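Student: Provided herewith: data.cif, mmCIF, C-alpha atoms.
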```cif
data_input
loop_
_atom_site.group_PDB
_atom_site.id
_atom_site.type_symbol
_atom_site.label_atom_id
_atom_site.label_comp_id
_atom_site.auth_asym_id
_atom_site.auth_seq_id
_atom_site.Cartn_x
_atom_site.Cartn_y
_atom_site.Cartn_z
ATOM 1 C CA MET A 1 26.595 74.716 26.517
ATOM 2 C CA SER A 2 27.662 78.139 25.709
ATOM 3 C CA GLY A 3 28.698 77.358 22.128
ATOM 4 C CA ALA A 4 25.615 75.307 21.229
ATOM 5 C CA ARG A 5 22.926 76.821 19.074
ATOM 6 C CA SER A 6 19.325 76.032 19.283
ATOM 7 C CA GLY A 7 17.254 75.438 16.198
ATOM 8 C CA PRO A 8 18.198 74.154 12.788
ATOM 9 C CA LEU A 9 21.747 74.474 11.581
ATOM 10 C CA PRO A 10 22.248 76.904 8.737
ATOM 11 C CA ALA A 11 22.774 75.262 5.371
ATOM 12 C CA TYR A 12 25.671 76.493 3.289
ATOM 13 C CA PHE A 13 25.027 75.833 -0.355
ATOM 14 C CA GLY A 14 27.044 77.674 -2.919
ATOM 15 C CA ALA A 15 26.697 77.695 -6.655
ATOM 16 C CA VAL A 16 27.744 74.364 -8.106
ATOM 17 C CA GLU A 17 29.300 74.475 -11.528
ATOM 18 C CA GLN A 18 28.272 71.788 -13.923
ATOM 19 C CA TYR A 19 30.545 71.228 -16.851
ATOM 20 C CA ARG A 20 29.010 70.223 -20.134
ATOM 21 C CA THR A 21 30.708 68.470 -22.960
ATOM 22 C CA ARG A 22 28.200 69.934 -25.395
ATOM 23 C CA SER A 23 26.095 72.983 -25.105
ATOM 24 C CA ALA A 24 22.388 72.649 -25.670
ATOM 25 C CA PRO A 25 21.216 73.517 -29.194
ATOM 26 C CA HIS A 26 18.963 76.312 -27.966
ATOM 27 C CA GLN A 27 21.883 77.998 -26.218
ATOM 28 C CA GLN A 28 24.037 78.140 -29.327
ATOM 29 C CA ARG A 29 21.759 80.457 -31.308
ATOM 30 C CA PRO A 30 20.084 83.704 -30.372
ATOM 31 C CA PRO A 31 16.377 83.403 -29.466
ATOM 32 C CA ALA A 32 15.269 84.800 -32.829
ATOM 33 C CA GLN A 33 16.988 81.945 -34.687
ATOM 34 C CA ARG A 34 15.686 79.111 -32.534
ATOM 35 C CA GLN A 35 13.478 76.629 -34.311
ATOM 36 C CA GLY A 36 10.350 75.166 -32.895
ATOM 37 C CA PRO A 37 9.716 71.465 -32.410
ATOM 38 C CA ARG A 38 9.626 70.919 -36.162
ATOM 39 C CA SER A 39 12.966 71.044 -37.857
ATOM 40 C CA VAL A 40 13.942 70.330 -41.405
ATOM 41 C CA ALA A 41 16.743 67.845 -41.975
ATOM 42 C CA VAL A 42 19.545 69.400 -43.987
ATOM 43 C CA PRO A 43 21.628 67.092 -46.189
ATOM 44 C CA ALA A 44 25.280 66.757 -45.228
ATOM 45 C CA GLN A 45 26.404 68.385 -48.493
ATOM 46 C CA ALA A 46 24.265 71.495 -47.913
ATOM 47 C CA ALA A 47 25.412 71.730 -44.303
ATOM 48 C CA GLY A 48 29.055 71.772 -45.372
ATOM 49 C CA GLY A 49 29.685 68.157 -44.437
ATOM 50 C CA PRO A 50 31.981 65.834 -46.362
ATOM 51 C CA ARG A 51 30.757 64.610 -49.709
ATOM 52 C CA ARG A 52 30.756 60.876 -50.208
ATOM 53 C CA SER A 53 30.857 59.065 -53.524
ATOM 54 C CA PRO A 54 27.928 56.790 -54.464
ATOM 55 C CA LEU A 55 30.077 53.723 -53.759
ATOM 56 C CA ALA A 56 31.068 55.059 -50.348
ATOM 57 C CA ARG A 57 27.428 55.740 -49.485
ATOM 58 C CA ARG A 58 26.603 52.064 -49.946
ATOM 59 C CA MET A 59 29.568 50.822 -47.897
ATOM 60 C CA PRO A 60 29.272 50.796 -44.112
ATOM 61 C CA ARG A 61 31.428 53.344 -42.326
ATOM 62 C CA PRO A 62 34.541 52.053 -40.540
ATOM 63 C CA ARG A 63 33.624 51.245 -36.978
ATOM 64 C CA LEU A 64 35.765 48.264 -35.954
ATOM 65 C CA THR A 65 38.450 48.709 -33.350
ATOM 66 C CA GLY A 66 41.801 47.030 -33.853
ATOM 67 C CA LEU A 67 40.726 44.037 -31.798
ATOM 68 C CA GLY A 68 37.320 43.969 -33.480
ATOM 69 C CA GLY A 69 38.949 44.008 -36.914
ATOM 70 C CA GLY A 70 41.171 41.087 -35.970
ATOM 71 C CA LEU A 71 38.245 39.124 -34.551
ATOM 72 C CA PHE A 72 36.158 39.865 -37.644
ATOM 73 C CA ALA A 73 38.951 38.645 -39.910
ATOM 74 C CA CYS A 74 39.527 35.501 -37.818
ATOM 75 C CA ALA A 75 35.835 34.625 -37.694
ATOM 76 C CA ALA A 76 35.434 35.245 -41.417
ATOM 77 C CA MET A 77 38.459 33.125 -42.312
ATOM 78 C CA VAL A 78 37.404 30.238 -40.049
ATOM 79 C CA LEU A 79 34.018 30.366 -41.780
ATOM 80 C CA VAL A 80 35.717 30.470 -45.212
ATOM 81 C CA GLY A 81 37.927 27.531 -44.181
ATOM 82 C CA GLY A 82 34.880 25.519 -43.131
ATOM 83 C CA VAL A 83 33.072 26.316 -46.374
ATOM 84 C CA CYS A 84 36.144 25.335 -48.406
ATOM 85 C CA TRP A 85 36.411 22.079 -46.459
ATOM 86 C CA LEU A 86 32.728 21.235 -46.956
ATOM 87 C CA LEU A 87 32.080 22.434 -50.502
ATOM 88 C CA PHE A 88 35.407 22.584 -52.321
ATOM 89 C CA GLY A 89 37.277 19.552 -50.981
ATOM 90 C CA SER A 90 39.774 21.544 -48.871
ATOM 91 C CA SER A 91 40.896 23.658 -51.822
ATOM 92 C CA LEU A 92 43.601 26.048 -50.673
ATOM 93 C CA PHE A 93 43.264 27.944 -53.955
ATOM 94 C CA VAL A 94 39.639 28.873 -53.173
ATOM 95 C CA TYR A 95 40.637 29.652 -49.589
ATOM 96 C CA GLY A 96 43.374 32.005 -50.744
ATOM 97 C CA LEU A 97 41.104 33.610 -53.307
ATOM 98 C CA LEU A 98 38.449 34.302 -50.655
ATOM 99 C CA PHE A 99 41.125 35.605 -48.289
ATOM 100 C CA LEU A 100 41.727 38.674 -50.454
ATOM 101 C CA PRO A 101 38.249 40.238 -50.031
ATOM 102 C CA VAL A 102 38.286 39.485 -46.305
ATOM 103 C CA ALA A 103 41.623 41.285 -46.000
ATOM 104 C CA ALA A 104 40.275 44.251 -47.962
ATOM 105 C CA ALA A 105 37.064 44.426 -45.914
ATOM 106 C CA THR A 106 39.029 44.320 -42.676
ATOM 107 C CA ALA A 107 41.247 47.194 -43.788
ATOM 108 C CA LEU A 108 38.232 49.202 -44.965
ATOM 109 C CA TRP A 109 36.082 48.727 -41.864
ATOM 110 C CA VAL A 110 38.654 49.351 -39.140
ATOM 111 C CA ARG A 111 38.572 52.746 -37.414
ATOM 112 C CA PRO A 112 41.025 55.397 -38.604
ATOM 113 C CA ALA A 113 42.798 55.358 -35.246
ATOM 114 C CA ASP A 114 43.462 51.608 -35.565
ATOM 115 C CA LEU A 115 44.555 51.427 -39.207
ATOM 116 C CA ILE A 116 47.918 49.892 -38.317
ATOM 117 C CA THR A 117 46.216 46.796 -36.902
ATOM 118 C CA ALA A 118 44.657 45.711 -40.216
ATOM 119 C CA PRO A 119 47.867 44.388 -41.831
ATOM 120 C CA ILE A 120 48.770 42.754 -38.513
ATOM 121 C CA GLY A 121 45.476 40.958 -37.873
ATOM 122 C CA VAL A 122 44.956 39.684 -41.413
ATOM 123 C CA PRO A 123 47.860 37.159 -41.469
ATOM 124 C CA ILE A 124 46.776 35.865 -38.069
ATOM 125 C CA ALA A 125 43.294 35.333 -39.499
ATOM 126 C CA PHE A 126 44.761 33.460 -42.479
ATOM 127 C CA ALA A 127 46.570 31.086 -40.112
ATOM 128 C CA ALA A 128 43.480 30.643 -37.927
ATOM 129 C CA GLY A 129 41.241 29.772 -40.858
ATOM 130 C CA VAL A 130 43.578 27.450 -42.733
ATOM 131 C CA TRP A 131 43.480 24.839 -39.962
ATOM 132 C CA PRO A 132 40.342 22.960 -41.143
ATOM 133 C CA ILE A 133 41.764 22.513 -44.648
ATOM 134 C CA SER A 134 45.446 22.033 -43.799
ATOM 135 C CA GLY A 135 45.301 18.271 -44.269
ATOM 136 C CA GLY A 136 47.144 17.178 -41.141
ATOM 137 C CA SER A 137 46.660 13.637 -39.927
ATOM 138 C CA GLY A 138 46.991 11.754 -36.667
ATOM 139 C CA GLY A 139 47.158 13.702 -33.442
ATOM 140 C CA VAL A 140 48.315 17.141 -32.468
ATOM 141 C CA GLY A 141 51.758 16.799 -34.074
ATOM 142 C CA GLY A 142 50.287 15.770 -37.429
ATOM 143 C CA GLN A 143 47.751 18.615 -37.362
ATOM 144 C CA LEU A 144 50.506 21.103 -36.508
ATOM 145 C CA MET A 145 52.714 19.824 -39.346
ATOM 146 C CA GLY A 146 49.799 20.070 -41.784
ATOM 147 C CA LEU A 147 49.189 23.667 -40.661
ATOM 148 C CA VAL A 148 52.852 24.632 -41.088
ATOM 149 C CA SER A 149 52.958 22.946 -44.499
ATOM 150 C CA ALA A 150 49.814 24.731 -45.680
ATOM 151 C CA LEU A 151 51.150 28.079 -44.475
ATOM 152 C CA SER A 152 54.508 27.590 -46.165
ATOM 153 C CA LEU A 153 53.160 26.235 -49.458
ATOM 154 C CA HIS A 154 50.526 28.942 -49.815
ATOM 155 C CA ALA A 155 52.460 31.908 -48.472
ATOM 156 C CA GLY A 156 51.759 33.786 -51.709
ATOM 157 C CA TRP A 157 48.102 34.170 -50.754
ATOM 158 C CA LEU A 158 49.141 35.226 -47.268
ATOM 159 C CA TYR A 159 51.490 37.893 -48.619
ATOM 160 C CA ALA A 160 48.955 39.081 -51.214
ATOM 161 C CA GLY A 161 46.212 39.550 -48.621
ATOM 162 C CA THR A 162 48.571 41.290 -46.232
ATOM 163 C CA LEU A 163 49.714 43.576 -49.040
ATOM 164 C CA VAL A 164 46.093 44.411 -49.927
ATOM 165 C CA ALA A 165 45.336 45.292 -46.291
ATOM 166 C CA ALA A 166 48.530 47.339 -45.963
ATOM 167 C CA LEU A 167 47.895 49.286 -49.186
ATOM 168 C CA ILE A 168 44.327 50.106 -48.177
ATOM 169 C CA ALA A 169 45.511 51.203 -44.723
ATOM 170 C CA VAL A 170 48.237 53.434 -46.209
ATOM 171 C CA VAL A 171 45.839 55.038 -48.686
ATOM 172 C CA ARG A 172 43.234 55.660 -45.990
ATOM 173 C CA LYS A 173 45.863 57.200 -43.715
ATOM 174 C CA ALA A 174 47.148 59.441 -46.535
ATOM 175 C CA VAL A 175 43.606 60.640 -47.222
ATOM 176 C CA LEU A 176 43.093 61.412 -43.523
ATOM 177 C CA ILE A 177 46.343 63.376 -43.364
ATOM 178 C CA GLY A 178 45.398 65.244 -46.533
ATOM 179 C CA ARG A 179 42.028 66.211 -45.064
ATOM 180 C CA ARG A 180 43.700 67.563 -41.927
ATOM 181 C CA ARG A 181 46.188 69.667 -43.894
ATOM 182 C CA MET A 182 43.705 71.016 -46.437
ATOM 183 C CA PRO A 183 42.120 73.726 -44.197
ATOM 184 C CA ARG A 184 45.585 74.897 -43.100
ATOM 185 C CA ARG A 185 46.608 75.613 -46.699
ATOM 186 C CA VAL A 186 43.459 77.612 -47.320
ATOM 187 C CA THR A 187 44.030 79.947 -44.348
ATOM 188 C CA GLN A 188 47.655 80.743 -45.183
#
```
Let's see the structure in the file written out as structure tokens.

Tutor:
Amino acid sequence: MSGARSGPLPAYFGAVEQYRTRSAPHQQRPPAQRQGPRSVAVPAQAAGGPRRSPLARRMPRPRLTGLGGGLFACAAMVLVGGVCWLLFGSSLFVYGLLFLPVAAATALWVRPADLITAPIGVPIAFAAGVWPISGGSGGVGGQLMGLVSALSLHAGWLYAGTLVAALIAVVRKAVLIGRRRMPRRVTQ
């Protein structure tokens, strides 16, 4: 055993780099500027953050994904369809009238990255919710014919809600593009 060593084997440990996605707050500022455990909350406007109107402060921020927006709209419209069936005698006028705020809320609460999904998911939600009040009779074929009839006779509400969602999505996208371009104009 000429090549064998006696005793413990040497351990080779080099410096291991750890990558951080964010640097710690105390590393960003020099030691003289570090705050102790007590810190004062600075409002977003004083810190240079975006200013929000009083109406926007009361509204929840958009957090729904594209799929979440579609599921929200479908669940809301099925609930609206059930309420219309129970309380309003299957009134498609009330259903269509309540469809407009659901379409607007869906377009307002979807994330900016998924804005295109709002005008796509809203008509699907209209079709999903109209089933309880469609008035079909006798079996699957009768229910399907009642659904197709309700969709064709009340397509105006469907188009109006889709238009509301599309307009809100276009305006939100234009505002986002304007915010991105604004700092570039200032520096030129």

Student: For region 65-79 of chain A, take all atoms listed in the file, fit an axis-aligned box around them, add 6 Å to each of the six sides, then output centre and edge lengths in Å rounded to one decimal, as AutoDock Vina command-line options.

Tutor:
```
--center_x 37.9 --center_y 39.5 --center_z -37.1 --size_x 19.8 --size_y 30.5 --size_z 22.5
```

Student: Would you work out the distance separating CA of His154 (chain A) from CA of Gly68 (chain A), expressed in Å to one decimal?

Tutor: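 The value is 25.8 Å.
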
Student: Could you expand the PyMOL selection byres ((chain A and resi 156) around 12) into the explicit residues it covers here, written as a ChimeraX atom specification?

Tutor: /A:92-93,96-97,99-100,123,126,150-155,157-163

Student: Set the distance at 12 Å and use only C-alpha atoms: which residues neighbour Leu144 (chain A) once local chain neighbours fewer than 5 positions away are removed? I'd like the list as a list in words.

Tutor: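 Listing them by chain and then by number gives Ala127, Ala128, Val130, Trp131, Pro132, Ser134, Gly135, Gly136, Ser137, Gly138, Gly139, Ser149, Ala150 and Leu151 of chain A.
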
Student: Just the selected residues (C-alpha atoms), exported as a compact mmCIF listing (two decimals), in the frame of the given file, please.

Tutor:
```txt
# COMPACT_ATOMS: atom_id res chain seq x y z
CA ALA A 127 46.57 31.09 -40.11
CA ALA A 128 43.48 30.64 -37.93
CA VAL A 130 43.58 27.45 -42.73
CA TRP A 131 43.48 24.84 -39.96
CA PRO A 132 40.34 22.96 -41.14
CA SER A 134 45.45 22.03 -43.80
CA GLY A 135 45.30 18.27 -44.27
CA GLY A 136 47.14 17.18 -41.14
CA SER A 137 46.66 13.64 -39.93
CA GLY A 138 46.99 11.75 -36.67
CA GLY A 139 47.16 13.70 -33.44
CA SER A 149 52.96 22.95 -44.50
CA ALA A 150 49.81 24.73 -45.68
CA LEU A 151 51.15 28.08 -44.48
```

Student: Excluding same-chain residues fewer than 3 positions from Ala107 (chain A), what lies within 7 Å of it counting all atoms listed in the file, as a PDB file with C-alpha atoms, in the frame of the given file?

Tutor:
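Writing done, so here's result18.pdb:
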```pdb
ATOM      1  CA  ALA A 103      41.623  41.285 -46.000  1.00  0.00           C
ATOM      2  CA  ALA A 104      40.275  44.251 -47.962  1.00  0.00           C
ATOM      3  CA  VAL A 110      38.654  49.351 -39.140  1.00  0.00           C
ATOM      4  CA  ALA A 118      44.657  45.711 -40.216  1.00  0.00           C
ATOM      5  CA  ALA A 165      45.336  45.292 -46.291  1.00  0.00           C
ATOM      6  CA  ILE A 168      44.327  50.106 -48.177  1.00  0.00           C
ATOM      7  CA  ALA A 169      45.511  51.203 -44.723  1.00  0.00           C
TER       8      ALA A 169
END
```

Student: Quick one: pull the distance between CA of Leu147 (chain A) and CA of Leu98 (chain A), Å, one decimal.

Tutor: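 About the pair CA of Leu147 (chain A) and CA of Leu98 (chain A): they are 18.1 Å apart.
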